[in-house]
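One file, input_18.cif, carrying mmCIF, C-alpha atoms:
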```
data_final
#
loop_
_atom_site.group_PDB
_atom_site.id
_atom_site.type_symbol
_atom_site.label_atom_id
_atom_site.label_comp_id
_atom_site.auth_asym_id
_atom_site.auth_seq_id
_atom_site.Cartn_x
_atom_site.Cartn_y
_atom_site.Cartn_z
ATOM 1 C CA MET A 534 0.000 0.000 0.000
ATOM 2 C CA SER A 535 2.763 2.475 0.861
ATOM 3 C CA THR A 536 4.514 1.721 -2.438
ATOM 4 C CA GLU A 537 1.310 2.459 -4.358
ATOM 5 C CA LEU A 538 0.806 5.748 -2.531
ATOM 6 C CA SER A 539 4.413 6.767 -3.174
ATOM 7 C CA SER A 540 4.068 5.861 -6.846
ATOM 8 C CA ARG A 541 0.964 8.018 -7.177
ATOM 9 C CA ARG A 542 2.622 10.959 -5.415
ATOM 10 C CA THR A 543 5.639 10.716 -7.708
ATOM 11 C CA GLY A 544 3.369 10.609 -10.767
ATOM 12 C CA MET A 545 1.536 13.696 -9.571
ATOM 13 C CA SER A 546 4.835 15.484 -8.949
ATOM 14 C CA PHE A 547 5.671 15.039 -12.634
ATOM 15 C CA GLN A 548 2.404 16.714 -13.559
ATOM 16 C CA ARG A 549 3.079 19.590 -11.150
ATOM 17 C CA THR A 550 6.584 20.013 -12.550
ATOM 18 C CA ARG A 551 5.200 20.066 -16.093
ATOM 19 C CA MET A 552 2.655 22.742 -15.157
ATOM 20 C CA SER A 553 5.407 24.738 -13.478
ATOM 21 C CA ALA A 554 7.461 24.638 -16.693
ATOM 22 C CA ASP A 555 4.401 25.868 -18.601
ATOM 23 C CA ARG A 556 3.980 28.766 -16.163
ATOM 24 C CA THR A 557 7.630 29.692 -16.642
ATOM 25 C CA LEU A 558 7.164 29.709 -20.418
ATOM 26 C CA MET A 559 4.038 31.847 -19.973
ATOM 27 C CA SER A 560 6.148 34.387 -18.084
ATOM 28 C CA VAL A 561 8.610 34.448 -20.979
ATOM 29 C CA ILE A 562 5.710 34.890 -23.414
ATOM 30 C CA ARG A 563 4.298 37.844 -21.435
ATOM 31 C CA THR A 564 7.643 39.617 -21.283
ATOM 32 C CA SER A 565 8.445 38.912 -24.941
ATOM 33 C CA LEU A 566 5.018 40.081 -26.038
ATOM 34 C CA SER A 567 5.493 43.305 -24.095
ATOM 35 C CA LEU A 568 8.891 43.938 -25.679
ATOM 36 C CA ILE A 569 7.705 43.107 -29.182
ATOM 37 C CA GLY A 570 4.503 45.147 -28.866
ATOM 38 C CA PHE A 571 6.174 48.147 -27.278
ATOM 39 C CA GLY A 572 9.047 48.108 -29.794
ATOM 40 C CA PHE A 573 6.686 47.849 -32.750
ATOM 41 C CA THR A 574 4.525 50.683 -31.360
ATOM 42 C CA ILE A 575 7.519 52.977 -30.865
ATOM 43 C CA PHE A 576 8.672 52.215 -34.389
ATOM 44 C CA GLN A 577 5.247 52.896 -35.910
ATOM 45 C CA VAL A 578 4.611 56.132 -33.971
ATOM 46 C CA PHE A 579 7.928 57.679 -34.917
ATOM 47 C CA GLN A 580 7.603 56.421 -38.500
ATOM 48 C CA LYS A 581 4.206 58.140 -38.809
ATOM 49 C CA LEU A 582 5.548 61.350 -37.246
ATOM 50 C CA HIS A 583 8.441 61.320 -39.708
ATOM 51 C CA ASP A 584 6.113 60.640 -42.660
ATOM 52 C CA ALA A 585 3.886 63.549 -41.562
ATOM 53 C CA GLN A 586 7.021 65.708 -41.448
ATOM 54 C CA VAL A 587 6.521 66.507 -37.774
ATOM 55 C CA LEU A 588 10.025 65.182 -37.083
ATOM 56 C CA LYS A 589 13.074 65.712 -39.255
ATOM 57 C CA SER A 590 14.758 62.505 -38.136
ATOM 58 C CA SER A 591 13.341 59.575 -36.267
ATOM 59 C CA ASP A 592 16.209 57.163 -36.814
ATOM 60 C CA ALA A 593 17.197 56.814 -33.141
ATOM 61 C CA ALA A 594 13.661 56.020 -31.998
ATOM 62 C CA ARG A 595 13.118 53.602 -34.867
ATOM 63 C CA HIS A 596 16.386 51.813 -34.050
ATOM 64 C CA PHE A 597 15.286 51.602 -30.413
ATOM 65 C CA GLY A 598 11.971 50.055 -31.519
ATOM 66 C CA VAL A 599 13.776 47.508 -33.690
ATOM 67 C CA ALA A 600 16.118 46.696 -30.795
ATOM 68 C CA LEU A 601 13.176 46.051 -28.459
ATOM 69 C CA VAL A 602 11.522 43.736 -30.971
ATOM 70 C CA LEU A 603 14.790 41.864 -31.506
ATOM 71 C CA LEU A 604 15.247 41.549 -27.756
ATOM 72 C CA GLY A 605 11.712 40.154 -27.423
ATOM 73 C CA ILE A 606 12.364 37.640 -30.205
ATOM 74 C CA ALA A 607 15.701 36.576 -28.677
ATOM 75 C CA MET A 608 14.080 36.141 -25.270
ATOM 76 C CA LEU A 609 11.281 34.086 -26.781
ATOM 77 C CA ILE A 610 13.704 31.843 -28.675
ATOM 78 C CA SER A 611 15.759 31.200 -25.550
ATOM 79 C CA GLY A 612 12.596 30.539 -23.501
ATOM 80 C CA ILE A 613 11.301 28.056 -26.084
ATOM 81 C CA GLY A 614 14.690 26.345 -26.215
ATOM 82 C CA TYR A 615 14.902 26.069 -22.436
ATOM 83 C CA HIS A 616 11.328 24.775 -22.222
ATOM 84 C CA CYS A 617 11.934 22.083 -24.852
ATOM 85 C CA PHE A 618 15.223 21.007 -23.264
ATOM 86 C CA PHE A 619 13.605 20.801 -19.819
ATOM 87 C CA MET A 620 10.544 18.913 -21.064
ATOM 88 C CA PHE A 621 12.616 16.342 -22.994
ATOM 89 C CA GLY A 622 14.594 15.676 -19.811
ATOM 90 C CA LEU A 623 11.405 15.377 -17.767
ATOM 91 C CA ARG A 624 9.913 12.951 -20.276
ATOM 92 C CA ARG A 625 13.103 10.826 -20.216
ATOM 93 C CA GLU A 626 13.060 10.724 -16.421
ATOM 94 C CA ARG A 627 9.374 9.796 -16.423
ATOM 95 C CA GLN A 628 9.952 6.966 -18.911
ATOM 96 C CA ALA A 629 12.893 5.657 -16.874
ATOM 97 C CA LEU A 630 10.780 5.557 -13.705
ATOM 98 C CA LYS A 631 7.964 3.873 -15.627
ATOM 99 C CA ALA A 632 10.367 1.245 -16.990
ATOM 100 C CA GLN A 633 11.568 0.528 -13.437
ATOM 101 C CA GLY A 634 7.969 0.148 -12.285
ATOM 102 C CA LEU A 635 8.240 3.023 -9.820
ATOM 103 C CA ILE A 636 5.361 5.003 -11.345
ATOM 104 C CA HIS A 637 2.348 4.035 -13.433
ATOM 105 C CA ALA A 638 2.567 6.913 -15.949
ATOM 106 C CA GLU A 639 -0.982 6.241 -17.119
ATOM 107 C CA SER A 640 -1.919 9.888 -17.598
ATOM 108 C CA GLN A 641 -1.091 11.563 -20.889
ATOM 109 C CA PHE A 642 1.860 13.901 -21.296
ATOM 110 C CA PRO A 643 0.733 15.873 -24.383
ATOM 111 C CA VAL A 644 2.486 18.700 -26.176
ATOM 112 C CA SER A 645 2.142 21.939 -24.263
ATOM 113 C CA LEU A 646 -0.448 24.409 -25.536
ATOM 114 C CA THR A 647 1.765 27.126 -24.074
ATOM 115 C CA LEU A 648 4.603 25.985 -26.357
ATOM 116 C CA ILE A 649 2.312 26.230 -29.389
ATOM 117 C CA VAL A 650 1.319 29.784 -28.413
ATOM 118 C CA ALA A 651 4.996 30.691 -27.932
ATOM 119 C CA LEU A 652 5.838 29.397 -31.409
ATOM 120 C CA LEU A 653 2.958 31.381 -32.931
ATOM 121 C CA LEU A 654 4.148 34.524 -31.138
ATOM 122 C CA LEU A 655 7.628 33.886 -32.490
ATOM 123 C CA VAL A 656 6.251 33.820 -36.041
ATOM 124 C CA ILE A 657 4.366 37.078 -35.402
ATOM 125 C CA GLY A 658 7.523 38.660 -33.968
ATOM 126 C CA LEU A 659 9.562 37.592 -36.996
ATOM 127 C CA LEU A 660 6.918 39.028 -39.328
ATOM 128 C CA ALA A 661 6.947 42.277 -37.334
ATOM 129 C CA ILE A 662 10.721 42.628 -37.551
ATOM 130 C CA ALA A 663 10.634 41.859 -41.279
ATOM 131 C CA SER A 664 8.007 44.561 -41.682
ATOM 132 C CA MET A 665 10.105 47.048 -39.713
ATOM 133 C CA VAL A 666 13.438 46.356 -41.372
ATOM 134 C CA PHE A 667 12.379 45.676 -44.945
ATOM 135 C CA GLY A 668 9.158 47.690 -45.086
ATOM 136 C CA SER A 669 7.198 44.707 -46.353
ATOM 137 C CA GLY A 670 5.032 42.030 -44.894
ATOM 138 C CA PRO A 671 1.622 41.951 -43.274
ATOM 139 C CA PHE A 672 2.384 44.827 -40.901
ATOM 140 C CA GLY A 673 3.953 47.193 -43.437
#
```
Could the structure of this file be written out as structure tokens, please?
Amino acid sequence: MSTELSSRRTGMSFQRTRMSADRTLMSVIRTSLSLIGFGFTIFQVFQKLHDAQVLKSSDAARHFGVALVLLGIAMLISGIGYHCFFMFGLRRERQALKAQGLIHAESQFPVSLTLIVALLLLVIGLLAIASMVFGSGPFG
């Protein structure tokens, strides 16, 4: 009986650890989204002011906007990489414990919805930077 209870607790700890990794990735997504959105907004505002000839030069502000978007993209890429590396290790550990008979591992361990959202945000960020740098794309 005590072995069964311990096995169940260990199985639940894997689920809690997985949810914790998802929350960490959500924090990365929030920060990256803020950087990308703020950088793109700065870029667009100063671009419009320059086009309306309110400002003679808006290069510094536009470069700052591009830098913020690039920082958001870099942070998102590193967060996705860390999340994938961590989850592969967690899955390996879970399979090893299952093979030893220490846990049941009956519950599913599906792909993280948070990871899918992070990848979609990465695509949006890359499209935004392409629009800013090359003046083309869906946001240009």
Practice task
For atom CA of A:Leu603 and atom CA of A:Met552, quote the distance in Å rounded to one decimal.
Solution key: 27.9 Å
Problem - Minimum-distance residue to A:Phe642, chosen among A:Arg549, A:Arg624, A:Arg563, A:His583 (using all atoms listed in the file) - result: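 Looking only at the distances to A:Phe642, the closest residue turns out to be A:Arg624.
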Completion exercise
If you count all atoms listed in the file, the residue of A:Ala663, A:Val602, A:Ala594, A:Ala632 closest to A:Leu582 turns out to be A:Ala594
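If you measure from each of A:Thr647, A:Ile575, A:Gln628, A:Ile657 to A:Phe547 using only C-alpha atoms, the closest one turns out to be A:Gln628.
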Handout entry: Point-to-point distance from atom CA of A:Ser611 to atom CA of A:Ala629, Å rounded to tenths
Key =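 Between atom CA of A:Ser611 and atom CA of A:Ala629 the gap works out to 27.1 Å.
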Could you add N, CA, C and O atoms to stretch 600-615 of chain A and give me the result as a PDB file, in the coordinates of the input?
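Now in rebuild_1.pdb:
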```pdb
ATOM      1  N   ALA A 600      15.343  47.386 -31.827  1.00  0.00           N
ATOM      2  CA  ALA A 600      16.118  46.696 -30.795  1.00  0.00           C
ATOM      3  C   ALA A 600      15.201  46.012 -29.784  1.00  0.00           C
ATOM      4  O   ALA A 600      15.475  44.880 -29.356  1.00  0.00           O
ATOM      5  N   LEU A 601      14.109  46.672 -29.398  1.00  0.00           N
ATOM      6  CA  LEU A 601      13.176  46.051 -28.459  1.00  0.00           C
ATOM      7  C   LEU A 601      12.512  44.818 -29.058  1.00  0.00           C
ATOM      8  O   LEU A 601      12.347  43.805 -28.379  1.00  0.00           O
ATOM      9  N   VAL A 602      12.137  44.895 -30.319  1.00  0.00           N
ATOM     10  CA  VAL A 602      11.522  43.736 -30.971  1.00  0.00           C
ATOM     11  C   VAL A 602      12.528  42.594 -31.068  1.00  0.00           C
ATOM     12  O   VAL A 602      12.198  41.434 -30.790  1.00  0.00           O
ATOM     13  N   LEU A 603      13.764  42.906 -31.433  1.00  0.00           N
ATOM     14  CA  LEU A 603      14.790  41.864 -31.506  1.00  0.00           C
ATOM     15  C   LEU A 603      15.062  41.246 -30.136  1.00  0.00           C
ATOM     16  O   LEU A 603      15.254  40.019 -30.027  1.00  0.00           O
ATOM     17  N   LEU A 604      15.065  42.066 -29.108  1.00  0.00           N
ATOM     18  CA  LEU A 604      15.247  41.549 -27.756  1.00  0.00           C
ATOM     19  C   LEU A 604      14.094  40.624 -27.363  1.00  0.00           C
ATOM     20  O   LEU A 604      14.307  39.560 -26.770  1.00  0.00           O
ATOM     21  N   GLY A 605      12.870  41.004 -27.699  1.00  0.00           N
ATOM     22  CA  GLY A 605      11.712  40.154 -27.423  1.00  0.00           C
ATOM     23  C   GLY A 605      11.788  38.833 -28.159  1.00  0.00           C
ATOM     24  O   GLY A 605      11.482  37.774 -27.595  1.00  0.00           O
ATOM     25  N   ILE A 606      12.220  38.872 -29.423  1.00  0.00           N
ATOM     26  CA  ILE A 606      12.364  37.640 -30.205  1.00  0.00           C
ATOM     27  C   ILE A 606      13.455  36.754 -29.616  1.00  0.00           C
ATOM     28  O   ILE A 606      13.285  35.535 -29.480  1.00  0.00           O
ATOM     29  N   ALA A 607      14.594  37.357 -29.255  1.00  0.00           N
ATOM     30  CA  ALA A 607      15.701  36.576 -28.677  1.00  0.00           C
ATOM     31  C   ALA A 607      15.280  35.937 -27.355  1.00  0.00           C
ATOM     32  O   ALA A 607      15.595  34.769 -27.090  1.00  0.00           O
ATOM     33  N   MET A 608      14.548  36.689 -26.540  1.00  0.00           N
ATOM     34  CA  MET A 608      14.080  36.141 -25.270  1.00  0.00           C
ATOM     35  C   MET A 608      13.102  34.990 -25.496  1.00  0.00           C
ATOM     36  O   MET A 608      13.158  33.971 -24.801  1.00  0.00           O
ATOM     37  N   LEU A 609      12.249  35.134 -26.473  1.00  0.00           N
ATOM     38  CA  LEU A 609      11.281  34.086 -26.781  1.00  0.00           C
ATOM     39  C   LEU A 609      11.975  32.826 -27.292  1.00  0.00           C
ATOM     40  O   LEU A 609      11.629  31.711 -26.890  1.00  0.00           O
ATOM     41  N   ILE A 610      12.964  32.992 -28.161  1.00  0.00           N
ATOM     42  CA  ILE A 610      13.704  31.843 -28.675  1.00  0.00           C
ATOM     43  C   ILE A 610      14.422  31.108 -27.541  1.00  0.00           C
ATOM     44  O   ILE A 610      14.379  29.874 -27.466  1.00  0.00           O
ATOM     45  N   SER A 611      15.060  31.860 -26.657  1.00  0.00           N
ATOM     46  CA  SER A 611      15.759  31.200 -25.550  1.00  0.00           C
ATOM     47  C   SER A 611      14.773  30.534 -24.596  1.00  0.00           C
ATOM     48  O   SER A 611      15.040  29.442 -24.084  1.00  0.00           O
ATOM     49  N   GLY A 612      13.614  31.149 -24.358  1.00  0.00           N
ATOM     50  CA  GLY A 612      12.596  30.539 -23.501  1.00  0.00           C
ATOM     51  C   GLY A 612      12.033  29.257 -24.096  1.00  0.00           C
ATOM     52  O   GLY A 612      11.829  28.273 -23.385  1.00  0.00           O
ATOM     53  N   ILE A 613      11.791  29.262 -25.405  1.00  0.00           N
ATOM     54  CA  ILE A 613      11.301  28.056 -26.084  1.00  0.00           C
ATOM     55  C   ILE A 613      12.355  26.967 -26.016  1.00  0.00           C
ATOM     56  O   ILE A 613      12.050  25.795 -25.744  1.00  0.00           O
ATOM     57  N   GLY A 614      13.608  27.330 -26.269  1.00  0.00           N
ATOM     58  CA  GLY A 614      14.690  26.345 -26.215  1.00  0.00           C
ATOM     59  C   GLY A 614      14.833  25.732 -24.830  1.00  0.00           C
ATOM     60  O   GLY A 614      14.954  24.507 -24.692  1.00  0.00           O
ATOM     61  N   TYR A 615      14.806  26.570 -23.807  1.00  0.00           N
ATOM     62  CA  TYR A 615      14.902  26.069 -22.436  1.00  0.00           C
ATOM     63  C   TYR A 615      13.726  25.157 -22.110  1.00  0.00           C
ATOM     64  O   TYR A 615      13.896  24.088 -21.511  1.00  0.00           O
TER      65      TYR A 615
END
```
